[in-house]
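Colleague: So that you have it, the file is upload04.txt, and it contains compact mmCIF, C-alpha atoms:
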# COMPACT_ATOMS: atom_id res chain seq x y z
CA MET A 12 0.00 0.00 0.00
CA LYS A 13 1.18 3.51 -0.78
CA PHE A 14 2.01 5.87 2.06
CA LEU A 15 2.58 9.64 1.79
CA ILE A 16 3.43 12.44 4.20
CA VAL A 17 1.78 15.70 3.17
CA ASP A 18 1.98 19.20 4.64
CA ALA A 19 -1.57 20.51 4.21
CA PHE A 20 -2.91 24.08 4.02
CA THR A 21 0.42 25.42 2.80
CA GLU A 22 2.40 25.92 -0.38
CA THR A 23 5.67 25.70 1.57
CA LEU A 24 7.33 22.48 2.67
CA PHE A 25 7.45 22.18 6.48
CA GLY A 26 4.57 24.65 6.76
CA GLY A 27 0.94 23.86 7.41
CA ASN A 28 -0.22 20.71 9.16
CA PRO A 29 1.36 17.34 8.31
CA ALA A 30 -0.81 14.28 7.82
CA GLY A 31 -0.19 10.67 6.99
CA VAL A 32 -2.05 9.26 3.99
CA VAL A 33 -2.43 5.53 3.31
CA ILE A 34 -3.88 4.56 -0.08
CA LEU A 35 -5.28 1.07 0.38
CA ASP A 36 -5.17 -1.61 -2.30
CA LYS A 37 -7.74 -3.77 -0.48
CA ASP A 38 -10.26 -3.53 2.36
CA PHE A 39 -9.66 -1.43 5.46
CA PRO A 40 -7.47 -3.07 8.10
CA SER A 41 -8.99 -3.59 11.53
CA ASP A 42 -9.77 -0.48 13.59
CA GLU A 43 -7.13 -1.56 16.11
CA THR A 44 -4.51 -1.76 13.36
CA MET A 45 -5.38 1.70 12.02
CA VAL A 46 -5.21 3.27 15.49
CA LYS A 47 -1.84 1.61 16.09
CA ALA A 48 -0.57 2.71 12.67
CA ALA A 49 -1.64 6.30 13.38
CA ALA A 50 0.10 6.16 16.76
CA GLU A 51 3.25 4.75 15.15
CA LEU A 52 3.27 7.48 12.49
CA ARG A 53 2.67 10.12 15.21
CA TYR A 54 0.83 12.65 13.08
CA SER A 55 -2.27 14.26 14.53
CA GLU A 56 -4.30 12.41 11.91
CA THR A 57 -3.69 9.68 9.37
CA ALA A 58 -6.18 9.13 6.54
CA PHE A 59 -6.89 5.66 5.14
CA ILE A 60 -8.33 5.83 1.62
CA GLN A 61 -10.37 3.14 -0.12
CA GLN A 62 -11.28 3.83 -3.75
CA VAL A 63 -14.91 3.06 -4.59
CA ASN A 64 -14.77 4.08 -8.27
CA ASP A 65 -13.23 6.81 -10.43
CA ARG A 66 -15.28 9.52 -8.68
CA GLU A 67 -15.86 8.19 -5.16
CA PHE A 68 -13.61 7.47 -2.21
CA ASN A 69 -14.22 6.19 1.30
CA ILE A 70 -11.86 7.87 3.76
CA ARG A 71 -11.48 7.07 7.45
CA TYR A 72 -9.47 9.25 9.82
CA PHE A 73 -7.46 8.16 12.85
CA THR A 74 -5.63 10.10 15.53
CA PRO A 75 -3.02 8.29 17.65
CA ALA A 76 -5.84 7.64 20.14
CA ALA A 77 -9.07 7.00 18.20
CA GLU A 78 -11.05 7.31 14.98
CA VAL A 79 -12.70 10.67 14.25
CA ASP A 80 -15.57 11.32 11.86
CA LEU A 81 -13.79 13.88 9.69
CA CYS A 82 -10.48 15.72 9.42
CA GLY A 83 -10.00 18.76 7.22
CA HIS A 84 -6.23 18.84 6.79
CA ALA A 85 -6.07 15.07 6.24
CA THR A 86 -8.73 15.44 3.52
CA ILE A 87 -6.64 18.10 1.80
CA ALA A 88 -3.62 15.79 2.14
CA SER A 89 -5.62 12.84 0.77
CA PHE A 90 -6.72 14.54 -2.44
CA VAL A 91 -3.32 16.14 -2.98
CA SER A 92 -1.92 12.60 -2.72
CA LEU A 93 -4.52 11.09 -5.06
CA LEU A 94 -3.76 13.79 -7.63
CA HIS A 95 -0.01 13.25 -7.27
CA GLU A 96 -0.42 9.48 -7.77
CA GLY A 97 -2.55 9.95 -10.90
CA ILE A 98 -5.59 8.31 -9.29
CA ILE A 99 -7.72 11.43 -9.81
CA LYS A 100 -7.59 14.23 -12.38
CA ASP A 101 -7.29 17.97 -11.86
CA ASN A 102 -10.25 20.27 -12.46
CA GLU A 103 -12.82 17.63 -11.50
CA SER A 104 -15.23 16.96 -8.63
CA TYR A 105 -15.38 13.88 -6.40
CA VAL A 106 -17.36 12.39 -3.52
CA ASN A 107 -15.73 11.67 -0.17
CA HIS A 108 -17.70 9.12 1.88
CA THR A 109 -16.97 9.80 5.56
CA LEU A 110 -18.53 9.06 8.93
CA ALA A 111 -19.71 12.71 8.84
CA GLY A 112 -21.59 12.13 5.57
CA ASP A 113 -21.00 12.13 1.81
CA LEU A 114 -19.11 15.32 0.98
CA GLU A 115 -18.24 16.95 -2.35
CA ILE A 116 -14.59 17.62 -3.14
CA VAL A 117 -13.53 19.92 -6.00
CA VAL A 118 -9.93 19.88 -7.22
CA LYS A 119 -9.02 22.89 -9.35
CA ASP A 120 -5.47 23.71 -10.41
CA GLY A 121 -4.15 21.63 -7.52
CA PHE A 122 -6.30 23.46 -4.96
CA VAL A 123 -8.66 21.26 -2.96
CA MET A 124 -12.02 22.68 -1.85
CA MET A 125 -14.04 20.38 0.36
CA GLU A 126 -17.63 20.53 1.51
CA MET A 127 -18.01 20.19 5.26
CA ALA A 128 -20.81 18.45 7.14
CA THR A 129 -23.96 20.49 7.80
CA PRO A 130 -22.99 23.27 10.24
CA LYS A 131 -24.63 23.07 13.66
CA LYS A 132 -24.57 25.15 16.81
CA ILE A 133 -24.55 22.59 19.62
CA GLY A 134 -24.56 24.99 22.54
CA GLU A 135 -22.85 27.95 24.17
CA ILE A 136 -21.08 28.85 27.38
CA LYS A 137 -22.83 31.94 28.73
CA ASP A 138 -22.66 31.48 32.50
CA ARG A 139 -19.80 33.72 33.67
CA GLU A 140 -18.50 31.12 36.10
CA LYS A 141 -18.27 28.55 33.30
CA ILE A 142 -16.64 31.08 30.97
CA ASP A 143 -14.02 31.91 33.59
CA GLU A 144 -13.37 28.19 34.13
CA LEU A 145 -12.63 27.72 30.42
CA TYR A 146 -10.35 30.75 30.15
CA LYS A 147 -8.49 29.84 33.35
CA ILE A 148 -7.77 26.37 31.94
CA MET A 149 -6.48 28.05 28.76
CA GLY A 150 -4.22 30.37 30.79
CA VAL A 151 -5.82 33.70 29.81
CA SER A 152 -8.67 35.96 30.92
CA TYR A 153 -12.05 36.63 29.34
CA ASP A 154 -12.68 40.17 28.09
CA GLU A 155 -16.36 41.18 27.97
CA SER A 156 -15.57 44.08 25.64
CA MET A 157 -15.29 41.60 22.74
CA GLY A 158 -19.06 41.14 22.85
CA LEU A 159 -18.64 37.45 22.05
CA ILE A 160 -19.01 34.28 24.10
CA PRO A 161 -17.70 30.74 23.54
CA GLN A 162 -19.99 28.49 21.52
CA MET A 163 -19.87 24.81 20.57
CA ILE A 164 -20.04 24.49 16.79
CA SER A 165 -19.62 21.51 14.45
CA THR A 166 -19.09 21.09 10.73
CA GLY A 167 -18.18 17.44 11.21
CA LEU A 168 -16.43 17.58 14.56
CA PRO A 169 -17.61 19.65 17.56
CA ASP A 170 -15.25 22.24 19.04
CA ILE A 171 -15.54 25.15 21.44
CA MET A 172 -15.06 28.42 19.55
CA MET A 173 -13.20 30.62 22.05
CA PRO A 174 -12.74 34.34 21.29
CA VAL A 175 -9.76 36.25 22.67
CA LYS A 176 -9.10 39.98 22.48
CA ASP A 177 -5.95 40.23 20.37
CA GLN A 178 -2.98 38.39 18.89
CA ALA A 179 -0.91 38.93 22.04
CA GLN A 180 -3.53 37.11 24.12
CA LEU A 181 -3.84 34.37 21.50
CA GLU A 182 -0.09 33.80 21.66
CA ALA A 183 -0.18 33.82 25.48
CA ILE A 184 -2.52 30.83 25.67
CA SER A 185 -0.88 28.01 27.64
CA PRO A 186 -3.45 25.33 28.47
CA ASP A 187 -3.58 23.04 31.46
CA PHE A 188 -3.83 20.00 29.20
CA PRO A 189 -5.18 17.43 31.71
CA ALA A 190 -7.86 19.93 32.78
CA LEU A 191 -8.64 20.74 29.12
CA SER A 192 -9.05 17.03 28.35
CA LYS A 193 -11.51 16.70 31.21
CA LEU A 194 -13.38 19.84 30.14
CA SER A 195 -13.57 18.63 26.53
CA GLU A 196 -14.95 15.31 27.69
CA GLY A 197 -17.54 17.09 29.83
CA TYR A 198 -18.74 19.26 26.94
CA GLN A 199 -18.45 16.34 24.49
CA VAL A 200 -16.20 18.25 22.11
CA VAL A 201 -12.91 17.44 20.41
CA GLY A 202 -11.23 20.51 21.89
CA VAL A 203 -10.94 24.29 21.87
CA HIS A 204 -10.47 26.51 18.81
CA ALA A 205 -9.26 29.88 20.07
CA PHE A 206 -9.33 32.88 17.72
CA THR A 207 -8.92 36.62 17.51
CA LEU A 208 -10.41 39.10 15.04
CA ASP A 209 -7.31 41.24 15.58
CA ALA A 210 -5.96 40.62 12.08
CA GLU A 211 -4.24 42.37 9.22
CA GLU A 212 -5.97 43.36 5.98
CA GLY A 213 -6.99 40.34 3.93
CA VAL A 214 -7.11 38.02 6.95
CA THR A 215 -10.36 37.38 8.81
CA ALA A 216 -8.88 35.87 11.96
CA HIS A 217 -5.86 34.23 13.58
CA ALA A 218 -6.48 30.94 15.40
CA ARG A 219 -4.97 28.20 17.55
CA ASN A 220 -6.42 24.73 18.12
CA PHE A 221 -6.03 22.37 21.10
CA ALA A 222 -7.32 18.79 21.39
CA PRO A 223 -5.42 16.93 24.14
CA LEU A 224 -8.36 14.55 24.67
CA TYR A 225 -7.29 13.00 21.34
CA ASP A 226 -3.55 13.19 22.08
CA ILE A 227 -3.21 16.41 20.06
CA ASP A 228 -1.84 19.23 22.23
CA GLU A 229 -1.93 21.75 19.37
CA GLU A 230 -2.55 21.61 15.63
CA ALA A 231 -1.14 23.91 12.96
CA ALA A 232 -4.19 23.79 10.67
CA THR A 233 -7.64 22.37 11.31
CA GLY A 234 -10.16 22.37 8.49
CA THR A 235 -13.19 21.22 10.48
CA SER A 236 -12.54 23.77 13.24
CA ASN A 237 -12.13 26.66 10.83
CA GLY A 238 -15.25 25.56 8.99
CA ALA A 239 -17.03 25.72 12.35
CA LEU A 240 -15.43 29.10 13.04
CA THR A 241 -16.80 30.43 9.75
CA TYR A 242 -20.29 29.38 10.82
CA TYR A 243 -19.69 31.02 14.24
CA PHE A 244 -18.80 34.24 12.42
CA SER A 245 -22.10 34.11 10.52
CA LEU A 246 -24.16 33.35 13.64
CA ASN A 247 -22.59 36.29 15.46
CA GLY A 248 -22.90 38.84 12.64
CA ILE A 249 -19.17 39.05 11.91
CA ILE A 250 -19.73 37.98 8.29
CA GLY A 251 -22.87 37.81 6.15
CA SER A 252 -24.83 34.74 5.13
CA GLU A 253 -22.57 34.48 2.06
CA ALA A 254 -18.89 35.19 2.58
CA GLN A 255 -15.32 34.03 2.16
CA CYS A 256 -12.75 33.96 4.96
CA LYS A 257 -9.03 33.55 5.32
CA ILE A 258 -7.88 32.18 8.67
CA VAL A 259 -4.23 32.00 9.68
CA GLN A 260 -3.15 29.28 12.10
CA GLY A 261 0.03 27.53 13.22
CA GLU A 262 2.24 30.59 13.72
CA LYS A 263 3.01 29.74 17.36
CA MET A 264 4.18 26.30 16.20
CA GLY A 265 6.43 27.71 13.49
CA ARG A 266 4.17 26.13 10.84
CA PRO A 267 2.10 29.02 9.43
CA SER A 268 -1.02 27.85 7.61
CA ALA A 269 -3.61 29.60 5.47
CA ILE A 270 -7.10 28.11 5.50
CA LEU A 271 -9.65 29.50 3.04
CA THR A 272 -13.33 29.02 3.81
CA SER A 273 -16.64 29.97 2.24
CA LEU A 274 -20.26 30.08 3.33
CA LYS A 275 -23.07 29.96 0.78
CA ASP A 276 -26.61 28.58 0.85
CA GLY A 277 -26.03 27.32 4.38
CA LYS A 278 -23.06 25.20 3.31
CA VAL A 279 -19.52 25.65 4.57
CA LYS A 280 -16.54 24.78 2.39
CA VAL A 281 -12.88 24.70 3.37
CA GLY A 282 -9.97 24.76 0.98
CA GLY A 283 -6.23 24.67 0.68
CA THR A 284 -3.32 23.04 -1.03
CA GLY A 285 -0.42 20.92 0.15
CA ARG A 286 3.15 19.81 -0.37
CA ILE A 287 4.29 16.19 -0.40
CA LEU A 288 7.27 15.56 1.84
CA ALA A 289 7.73 11.81 1.35
CA ARG A 290 6.16 8.75 -0.25
CA GLY A 291 6.74 5.04 -0.06
CA ASP A 292 5.15 1.77 0.95
CA ILE A 293 3.54 0.75 4.22
CA ASP A 294 2.58 -2.75 5.30
CA VAL A 295 -0.55 -2.72 7.46
CA GLN A 296 -2.79 -5.78 7.51
Show how you would write the structure in this file as structure tokens.

Modeller:
Amino acid sequence: MKFLIVDAFTETLFGGNPAGVVILDKDFPSDETMVKAAAELRYSETAFIQQVNDREFNIRYFTPAAEVDLCGHATIASFVSLLHEGIIKDNESYVNHTLAGDLEIVVKDGFVMMEMATPKKIGEIKDREKIDELYKIMGVSYDESMGLIPQMISTGLPDIMMPVKDQAQLEAISPDFPALSKLSEGYQVVGVHAFTLDAEEGVTAHARNFAPLYDIDEEAATGTSNGALTYYFSLNGIIGSEAQCKIVQGEKMGRPSAILTSLKDGKVKVGGTGRILARGDIDVQ
């Protein structure tokens, strides 16, 4: 089976968010094997791809700890890999069968734009005591002047959208990871997606993402979370019902990433490109 390492959401090698991609030549291995393979490879997510036909693919996503329904950067990495291997063609559309649903993927000039699962607001944290608990765990303070509160949003995976005042506060975040894991479990979310609207021209927001419950302390680029953030922006009047966003992530990790998103007709799409670092064979049964 083919194996590739791809830096997703970047045009620069060693930027963006790296993912493992396994292109299967037979049925999926056991779940236990895929979890162990993901743990051995040590990337935040590894995608296992089964080709259904020329236009359809079944992709499953594994962290080093468990399977997740969907992963944005690993989807970008998957279709960059399929294009590189000549399995798909440029300037065409495809269907990605995932645990989060059947999602459209458009590949145009090497750029991958993926449909996310139906956006949903799951809940919000409005009690001041609960807000302060979250921000204390993240190592910063809540500022009421933002006029925003944390909300749980999903476009395939649920995360807490956590606003902070400015880029300095975003950079200052230093979570208590065991406490954050417990909090995430309590709210039944993957983790926390912190963001600030303090951004330069042409950029909608800067963001950082933390998911220690799934053995991911911090990620450099998260497609599902930024899809959810785009929906949060719409719900809170930051963007209109139809808009495009550019979200920058990964700077604190030294892996700057640019995630492009769009909202139209109630659908969220997330896009980016990627660079292949390595390819070879992997033997997983």

Colleague: Take every atom of range 151-167 of chain A listed in the file, pad by 5 Å on each side, and give me the axis-aligned box centre and edge lengths in Å, one decimal, as lines of an AutoDock Vina configuration file.

Modeller:
center_x = -12.9
center_y = 30.8
center_z = 20.8
size_x = 24.2
size_y = 36.6
size_z = 30.2

Colleague: Between CA of Thr272 in chain A and CA of Cys256 in chain A, measure the distance and give it in Å to one decimal.

Modeller: 5.1 Å

Colleague: Could you name the residues that touch range 123-127 of chain A at 8 Å or less, counting only C-alpha atoms, but leaving out those on the same chain fewer than 4 positions away, as a list in words?

Modeller: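 Skipping anything fewer than 4 positions along the chain leaves Thr86, Ile87, Phe90, Val91, Leu114, Glu115, Ile116, Val117, Val118, Lys119, Thr166, Gly167, Thr235, Gly238, Lys278, Val279, Lys280, Val281, Gly282, Gly283 and Thr284 of chain A.
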
Colleague: Pick from A:Pro130, A:Tyr243, A:Val203, A:Ala232: nearest to Pro267 in chain A, with all atoms listed in the file counted?

Modeller: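 Selected residue with least distance to Pro267 in chain A: A:Ala232.
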
Colleague: Can you tell me, as a PyMOL selection string, what residues are no more than 6 Å from Asp292 in chain A when counting only C-alpha atoms, ignoring any on the same chain fewer than 6 positions away?

Modeller: chain A and resi 12-14

Colleague: How many Å separate CA of Glu140 in chain A from CA of Asp209 in chain A?

Modeller: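 One can read the CA of Glu140 in chain A to CA of Asp209 in chain A distance as 25.5 Å.
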
Colleague: Smallest atom-to-atom distance to Pro75 in chain A: which of A:Ile34, A:Ile227, A:Met163, A:Leu288, using all atoms listed in the file?

Modeller: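 Using all atoms listed in the file, the shortest distance to Pro75 in chain A belongs to A:Ile227.
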
Colleague: Counting all atoms listed in the file, what is within 8 Å of Gly27 in chain A, bar same-chain residues fewer than 2 positions away, as a ChimeraX atom specification?

Modeller: /A:18-21,23,25,29,231-232,261,266-269,285

Colleague: What is the CA of Gly291 in chain A-CA of Ser104 in chain A distance in Å, reported with one decimal?

Modeller: 26.4 Å

Colleague: Choose the residue, out of A:Ala30, A:Leu208, A:Ala289, A:Val295, that has the smallest atom-to-atom separation from His84 in chain A; count only C-alpha atoms.

Modeller: A:Ala30

Colleague: Of the candidates A:Ser165, A:Gln178, A:Ser185, A:Gln296, which one gets nearest to Val201 in chain A if we count only C-alpha atoms?

Modeller: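 Closest residue, counting only C-alpha atoms: A:Ser165.
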
Colleague: Name all residues at most 9 Å from Arg71 in chain A (count all atoms listed in the file; drop same-chain ones fewer than 3 positions away) and give them as a PyMOL selection string.

Modeller: chain A and resi 39+57-61+78-82+108-110

Colleague: Generate a file of the selected residues that holds C-alpha atoms, formatted as a PDB file, keeping the file's coordinate frame.

Modeller:
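File produced: again.pdb:
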ATOM      1  CA  PHE A  39      -9.660  -1.430   5.460  1.00  0.00           C
ATOM      2  CA  THR A  57      -3.690   9.680   9.370  1.00  0.00           C
ATOM      3  CA  ALA A  58      -6.180   9.130   6.540  1.00  0.00           C
ATOM      4  CA  PHE A  59      -6.890   5.660   5.140  1.00  0.00           C
ATOM      5  CA  ILE A  60      -8.330   5.830   1.620  1.00  0.00           C
ATOM      6  CA  GLN A  61     -10.370   3.140  -0.120  1.00  0.00           C
ATOM      7  CA  GLU A  78     -11.050   7.310  14.980  1.00  0.00           C
ATOM      8  CA  VAL A  79     -12.700  10.670  14.250  1.00  0.00           C
ATOM      9  CA  ASP A  80     -15.570  11.320  11.860  1.00  0.00           C
ATOM     10  CA  LEU A  81     -13.790  13.880   9.690  1.00  0.00           C
ATOM     11  CA  CYS A  82     -10.480  15.720   9.420  1.00  0.00           C
ATOM     12  CA  HIS A 108     -17.700   9.120   1.880  1.00  0.00           C
ATOM     13  CA  THR A 109     -16.970   9.800   5.560  1.00  0.00           C
ATOM     14  CA  LEU A 110     -18.530   9.060   8.930  1.00  0.00           C
TER      15      LEU A 110
END

Colleague: Just checking: using all atoms listed in the file, which residue out of A:Ser236, A:Ile184, A:Ser192, A:Asn102 ends up closest to His204 in chain A?

Modeller: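 Among A:Ser236, A:Ile184, A:Ser192, A:Asn102, it is A:Ser236 that comes nearest to His204 in chain A.
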
Colleague: Write out as a list of chain:residue names which residues come within 6 Å of Asn107 in chain A when counting only C-alpha atoms, dropping same-chain ones fewer than 3 positions away.

Modeller: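 Non-adjacent residues within range: A:Phe68, A:Asn69, A:Asp113, A:Leu114.
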
Colleague: Between A:Glu67, A:Glu96, A:Glu155, A:Asp226, which is the closest to Ile287 in chain A once you count all atoms listed in the file?

Modeller: A:Glu96

Colleague: Can you put N, CA, C and O atoms back into range 137-156 of chain A and show it as a CSV table (one decimal), in the frame of the given file?

Modeller:
chain,number,residue,atom,x,y,z
A,137,LYS,N,-22.5,30.6,28.4
A,137,LYS,CA,-22.8,31.9,28.7
A,137,LYS,C,-22.8,32.3,30.2
A,137,LYS,O,-22.8,33.4,30.6
A,138,ASP,N,-22.8,31.2,31.1
A,138,ASP,CA,-22.7,31.5,32.5
A,138,ASP,C,-21.2,32.0,32.8
A,138,ASP,O,-20.3,31.3,32.4
A,139,ARG,N,-21.1,33.1,33.5
A,139,ARG,CA,-19.8,33.7,33.7
A,139,ARG,C,-18.8,32.8,34.4
A,139,ARG,O,-17.6,32.8,34.1
A,140,GLU,N,-19.4,32.0,35.4
A,140,GLU,CA,-18.5,31.1,36.1
A,140,GLU,C,-17.9,30.1,35.2
A,140,GLU,O,-16.7,29.7,35.3
A,141,LYS,N,-18.7,29.6,34.3
A,141,LYS,CA,-18.3,28.6,33.3
A,141,LYS,C,-17.3,29.2,32.3
A,141,LYS,O,-16.3,28.5,31.9
A,142,ILE,N,-17.6,30.4,31.9
A,142,ILE,CA,-16.6,31.1,31.0
A,142,ILE,C,-15.3,31.2,31.6
A,142,ILE,O,-14.2,30.9,31.0
A,143,ASP,N,-15.3,31.7,32.9
A,143,ASP,CA,-14.0,31.9,33.6
A,143,ASP,C,-13.3,30.6,33.8
A,143,ASP,O,-12.0,30.6,33.7
A,144,GLU,N,-14.0,29.5,34.0
A,144,GLU,CA,-13.4,28.2,34.1
A,144,GLU,C,-12.6,27.8,32.9
A,144,GLU,O,-11.5,27.4,32.9
A,145,LEU,N,-13.3,28.0,31.7
A,145,LEU,CA,-12.6,27.7,30.4
A,145,LEU,C,-11.4,28.6,30.2
A,145,LEU,O,-10.3,28.0,29.9
A,146,TYR,N,-11.5,29.9,30.4
A,146,TYR,CA,-10.4,30.8,30.2
A,146,TYR,C,-9.2,30.5,31.1
A,146,TYR,O,-8.0,30.6,30.8
A,147,LYS,N,-9.5,30.2,32.4
A,147,LYS,CA,-8.5,29.8,33.4
A,147,LYS,C,-7.7,28.6,32.9
A,147,LYS,O,-6.5,28.6,33.0
A,148,ILE,N,-8.4,27.6,32.4
A,148,ILE,CA,-7.8,26.4,31.9
A,148,ILE,C,-6.9,26.7,30.8
A,148,ILE,O,-5.8,26.1,30.6
A,149,MET,N,-7.3,27.7,29.9
A,149,MET,CA,-6.5,28.0,28.8
A,149,MET,C,-5.4,29.0,29.1
A,149,MET,O,-4.5,29.4,28.3
A,150,GLY,N,-5.3,29.5,30.3
A,150,GLY,CA,-4.2,30.4,30.8
A,150,GLY,C,-4.4,31.8,30.5
A,150,GLY,O,-3.4,32.6,30.5
A,151,VAL,N,-5.6,32.3,30.1
A,151,VAL,CA,-5.8,33.7,29.8
A,151,VAL,C,-7.1,34.2,30.5
A,151,VAL,O,-7.8,33.4,31.2
A,152,SER,N,-7.5,35.4,30.3
A,152,SER,CA,-8.7,36.0,30.9
A,152,SER,C,-9.7,36.3,29.9
A,152,SER,O,-9.3,36.7,28.7
A,153,TYR,N,-11.0,36.2,30.2
A,153,TYR,CA,-12.0,36.6,29.3
A,153,TYR,C,-12.2,38.1,29.4
A,153,TYR,O,-12.2,38.8,30.4
A,154,ASP,N,-12.5,38.7,28.2
A,154,ASP,CA,-12.7,40.2,28.1
A,154,ASP,C,-14.1,40.4,27.5
A,154,ASP,O,-14.4,40.1,26.4
A,155,GLU,N,-15.0,40.9,28.4
A,155,GLU,CA,-16.4,41.2,28.0
A,155,GLU,C,-16.5,42.2,26.8
A,155,GLU,O,-17.5,42.2,26.1
A,156,SER,N,-15.5,43.0,26.7
A,156,SER,CA,-15.6,44.1,25.6
A,156,SER,C,-15.6,43.5,24.2
A,156,SER,O,-16.0,44.2,23.3
